[in-house]
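Asks: Structure in structure tokens, see below.
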Amino acid sequence: MRSSWDIAVLGAGPAGGAAARIAADDGADVLLLDEQRRPGGQVWRVKSAARHFASDSPETRAGDAHRAALEQSKVTFRGETRLWHIERKKDIWVLHVLTLSGTAIYNARAVILAPGAREFVQPFPGWTVPGVFGLAGVTALIKSQQIPPGRRCVVAGSGPLAIYAAAEILRLGGEIAAIVTPNSRADWLWCLPALLANPFLAKRGAEWIAQLKRAGMPIFWRHLVTRTKGNEVLSALHVSRCTSEWAPTGAATEIPADTLCIGNGLLPNSEIAALAGLELHYDADCGGWIAPVGPHGQTVIPGLYLCGDGAGIRGATVASEQGERAGMAAARWLKGAPASSGSQRRSHRAEWLGLAMTGLSRPRRGLDSLTTPETIVCRCENLTRATLEAEIDAGAASVEALKSATRCGMGPCGGRYCLTSAARLIEMRQGAAPGTVSPPTTRPPLFPLPVAAIGTEFDYDDLPIPAPAPL
Amino acid sequence: MSESYDITVVGGGIMGCATALRLAEGNMRVLVLEKSDLCQGASGVNAGTLSLQIKRVRLMEYALRGHRIWASMGDAVGFRKTGGFTLAFNDREAQLLKERQTLKRQAGAPIEFVTPKKLLQREPEISSKVTIASYCAEDGYANSSLTGQYYRACLKAAGIPYRERAPVSAIAHGSDGFVLTTSLGQVRAKRILLAAGAWLGPLAAMLGVNLPVRARVNTVSVTEPTPPVIGSVIGHATGLLTMKQKPNGTVLIGGGWQGYGTPDAGRGCVSGKTMVPNIALARYAVPALAKARLTRSWTGFEANVPDFYPLAGDLPGVYGAYVLGCVRGGFTIGPYIGKLMGDHILGQEPELPLFDPDRSFEGVPG
Amino acid sequence: MSQTDLQAGDGADLRFSFDGRTYEGRKGETLAAALLRAGVVTLGAAPGGDTKRGAFCWMGWCQECRVWHDGQMVEACRLIVSEGLEAQSRGNGDA
């Protein structure tokens with residue numbers, strides 16, 4: 001199977017798909033890789049084959065258009081392909097991937113990263129109980145499997161995702177016990193100008209809200225889920241009012257539910273960028289630690305581009321436009337041409353809205369107090385806030401030191417679901433601002449790599465025989 | 001920060017910390033400066049193997065004493081004496097193993113040779129392709145990740161101040177000692193010990209001394225928790241494999257496969273080209289490893305000089321300056337050689353000799 | 001566009017087992033989704049074994065839904081069910 005390309009694009013969501021298509025249209029030989037079976041990313045996930053008869057939403061239609069455009073292009077798409085390591089050898093990028101048939105190595109002269117985002121969930125008591133799901137994860141489940149995540153659901157979180165997920169759960173026949181959001185109506189009013197500048201999205205949002213209203217859904221504005229009940233599975237949860245800084249306050253209301261979908265905004269997936277050699281900077285407006293990019297997605301490393309939510313959370317419309325610019329820039333760079341081109345789409349209105357929605361979702365500092373001393377912060381290693389703080393008090397002053405001493409972040413998730421909170425614990429103990437304590441060095445593999453899949457062509461007789469160590 | 005100390009230790013790894021503790025016992029006022037966090041260099045990222053079977057003949061006495069110190073540190077550093085097997089899979093490796101382990105046994109390591117049958121009784125998951133193995137009951141491992149936590153607590157208990165994230169950018173040497181410029185301000189000290197591992201070269205250069213320090217970029221990998229596959233520390237006749245399974249089920253795999261990068265530019269990079277055969281060899285030796293998943297591979301810089309013996313003694317030509325580092329197998333002997341170094345600085349005769357940094361490296365193959 | 005694609009499913013039912021119990025699945029859906037439809041959200045034990053875990057991120061990253069399948073640890077939210085598939089929850093020793 002072919003292994004060398006002009007451009008490899010990692011991630012086939014709105015950004016990566018657009019980048020691949022534009023670069024291929026400009027004559028580049030493009031390989032597009034994604035972990036999922038079909039292009040679309042998390043936002044435009046394709047429906048599972050089991051659910052092809054389910055009715056379409058504007059999101060599935062946008063995804064279908066995206067897939068159709070790629071079908072018609074010269075892009076080579078390889079799905080079910082996960083990147084576990086990226087290296088640069090002289091001027092060639094070496095991509096180590098795991099496919100359904102084992103490991104493989106692809107080479108490319110330029111690489112466009114479109115890694116998207118993942119969820120941030122502020123740890124709170126009982127967030128590890130089965131039946132508690134990430135909100136963005138549930139939207140992925142809804143889109144691909146077209147099933148509600150449970151029988152009686154509470155949807156909790158900031159920004160538009162909570163509203164969207166609740167409306168979709170209703171559409172799929174699920175029961176919504178409550179919608180709980182730390183945002184106030186006033187927070188949303190602040191975003192009204194940006195929303196009105198984007199009529200299609202504003203209309204979609206209004207439809208969701210109207211749908212929820214029609215169904216008589218209780219919406220708890222400026223409230224938080226503070227704890228769950230249930231051991232083996234979720235049985236109920238507690239909801240409290242919160243301050244404008246999102247610190248829980250006052251008495252809790254108990255709501256019976258078997259499912260909680262909860263999220264506190266999105267984090268850019270920066271691991272591939274870091275592994276590729278880019279330095280990360282903290283940018284709260286962009287959702288956290290990101291590698292800086294120029295207007296065409298160019299990074300400080302020649303031939304390496306970054307676009308979409310992985311370059312800062314701005315949503316699908318902006319991601320798609322960024323992807324187009326990065327795709328064009330990469331194709332031109334290969335020809336030795338400058339990146340500039342006047343005719344490219346750039347919607348400042350969409351960027352405005354993306355910024356507003358990220359601002360709406362961005363965790364406020366009061367959320368920190370949801371994580372009680374007994375709350376598990378590192379799910380993989382079952383480590384509580386108290387355990388981590390004891391180590392911080394004993395002198396662990398960096399994420400690396402905290403990891404080494406406690407194993408926080410050393411489990412199979414690679415620290416994706418704990419190290420943001422762990423860094424915040426160090427910052428709080430040091431009285432430092434968010435973004436002061438940097439993430440640890442990213443190491444391969446980027447996900448747990450089956451030993452069975454590597455070295456399958458190993459021949460013992462090919463072992464390089466080293467000079468014996470000195471006696 | 002403008003402070004004055006009897007001695008400043010530059011480098012908060014195992015050797016620097018162990019020396020600082022000995023010096024404080026001798027009533028010196030010590031400061032430890034570390035450019036990142038304590039024990040985040042080779043001390044904290046190596047595979048943690050404590051094996052006499054991979055120690056050099058001339059360093060065996062040091063390693064035996066090193067093992068005793070690690071045993072005394074115990075659970076705080078995850079010490080386990082499991083015994084260790086070194087495997088040979090063909091005649092060439094068997095011959096190599098016999099020659100080398102015989103010399104090490106003569107040097108004092110209790111190494112014996114075992115048949116594949118006996119090996120498989122103890123370690124049933126090991127490949128039946130082994131032709132012969134050597135065994136040393138003294139072998140085991142410690143958890144290198146815990147060394148930072150351990151020495152941080154030791155320094156605190158001994159009242160020794162330390163500064164992390166305080167790289168030294170300049171060292172001035174005058175008649176009354178040294179002035180070190182760090183990111184946290186200036187520090188004065190009558191004496192100075194350079195114990196910065198792979199970062200020794202540039203530091204010594206600040207004092208006009210050229211040390212022929214190089215670094216190997218060793219790769220280590222770890223699996224997620226996995227049902228038990230091995231109980232002992234496993235090695236390979238060529239040295240290309242070390243393996244051990246921790247009480248939490250994770251399997252740590254090393255063997256000196258080389259990544260790339262330099263100490264002045266970050267923490268080094270894992271090379272897929274070397275990491276993959278390292279894991280494949282591990283799986284060849286223990287086929288059951290195929291059911292595990294790798295969660296992380298990383299690199300660490302192991303410093304050395306051309307003769308692969310330690311630098312341990314006076315920094316040539318600079319009165320009041322000392323250097324310690326560059327040991328092959330430095331994790332094992334680090335806590336011990338730190339004590340020897342401390343004794344030397346305190347003006348006492350160390351119980352085993354140090355390794356003069358002023359020796360000639362000319363004509364040494366390496 | 002060329003691509004490696006799985007056979008498009010036809011929604012046909014199939015049967016698989018998890019921890020020895022038999023469930024019905026639909027062709028093309030993931031193990032975690034099929035179990036969720038059957039009301040099964042507990043997929044394994046937390047380290048230490050005193051609490052339970054289930055799917056959380058639904059994107060193949062958090063690893064909370066990992067189960068044993070065919071001698072391997074796999075993410076239930078990425079594993080497509082097939083006729084006769086057998087999977088087991090992880091115990092606390094192999095979590």
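Just so we're on the same page: first chain in the structure tokens is A, next is B, and so on; residues restart at 1 for each chain, and ligands are numbered from 1 in the order they show up.
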Could you build a table of the residues in segment 17-54 of chain C lying no more than 9 Å from segment 58-74 of chain C, giving for each the nearest pair of atoms and their separation in Å rounded to one decimal place, using only C-alpha atoms, ordered by chain and ascending residue number, as CSV?

Replies:
residue,atom,partner,partner_atom,distance
C:Ala32,CA,C:Cys65,CA,7.3
C:Thr42,CA,C:Cys65,CA,8.6
C:Leu43,CA,C:Cys65,CA,6.0
C:Gly44,CA,C:Val67,CA,7.3
C:Ala46,CA,C:Glu64,CA,8.7
C:Arg53,CA,C:Glu64,CA,6.3
C:Gly54,CA,C:Cys65,CA,5.2

Asks: Using C-alpha atoms, can you export the residues from the last selection as a PDB file, in the first residue's frame?

Replies:
ATOM      1  CA  ALA C  32     -20.765   0.592  24.315  1.00  0.00           C
ATOM      2  CA  THR C  42     -21.246  -0.363  34.153  1.00  0.00           C
ATOM      3  CA  LEU C  43     -18.338  -1.721  32.135  1.00  0.00           C
ATOM      4  CA  GLY C  44     -15.591  -2.310  34.673  1.00  0.00           C
ATOM      5  CA  ALA C  46     -12.084   1.303  39.108  1.00  0.00           C
ATOM      6  CA  ARG C  53     -16.746   2.732  35.829  1.00  0.00           C
ATOM      7  CA  GLY C  54     -18.426   3.000  32.459  1.00  0.00           C
TER       8      GLY C  54
END

Asks: Output as a tab-separated table one row per residue of segment 338-445 of chain A within 12 Å of segment 44-52 of chain B: the closest atom pair and its distance in Å to one decimal place, counting only C-alpha atoms, sorted by chain and residue number ascending.

Replies:
residue	atom	partner	partner_atom	distance
A:Glu400	CA	B:Gly44	CA	10.4
A:Ala401	CA	B:Gly44	CA	9.6
A:Lys403	CA	B:Gly44	CA	11.2
A:Ser404	CA	B:Gly44	CA	7.8
A:Ala405	CA	B:Gly44	CA	10.1

Asks: Near segment 108-121 of chain B, within 10 Å and counting only C-alpha atoms, which residues show up once chain neighbours fewer than 3 positions away are dropped, as a count of residues only?

Replies: 37

Asks: So that I can see what lies close to Pro161 of chain B, please list as a list in words the residues with an atom at most 10 Å from it, counting only C-alpha atoms and leaving out residues fewer than 2 positions away in the same chain.

Replies: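 Here the answer would be Ala20, Arg29, Val30, Leu31, Val32, Leu33, Arg152, Leu155, Lys156, Ala158, Gly159 and Arg163 of chain B.
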
Asks: Identify all chain B residues at most 6 Å from chain A by counting only C-alpha atoms; ligands do not count. Present them as a list of chain:residue names.

Replies: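 Those within range of chain A come out as B:Arg56, B:Val57, B:Ser145, B:Leu146, B:Gln149, B:Val276, B:Ala280, B:Ala290, B:Ala292, B:Arg293, B:Leu294, B:Thr295, B:Arg296, B:Ser297.
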
Asks: Let's have the selection written as a compact mmCIF listing (two decimals), in the first residue's frame, with C-alpha atoms.

Replies:
# COMPACT_ATOMS: atom_id res chain seq x y z
CA ARG B 56 30.92 -3.23 35.32
CA VAL B 57 33.50 -5.40 37.03
CA SER B 145 9.63 8.18 39.35
CA LEU B 146 9.60 8.30 43.14
CA GLN B 149 9.49 12.82 46.00
CA VAL B 276 9.36 -0.60 17.91
CA ALA B 280 9.16 -6.47 19.65
CA ALA B 290 1.00 -9.26 23.39
CA ALA B 292 -0.84 -5.52 26.94
CA ARG B 293 -1.08 -2.01 25.56
CA LEU B 294 1.76 0.50 25.66
CA THR B 295 0.75 3.73 27.31
CA ARG B 296 3.96 5.73 27.11
CA SER B 297 7.50 5.79 25.80

Asks: Quick one: pick out all alpha helix (DSSP H) residues within segment 85-162 of chain B from a backbone DSSP run and write them as an MDAnalysis selection string.

Replies: chainID B and resid 91:106 116:122 147:157
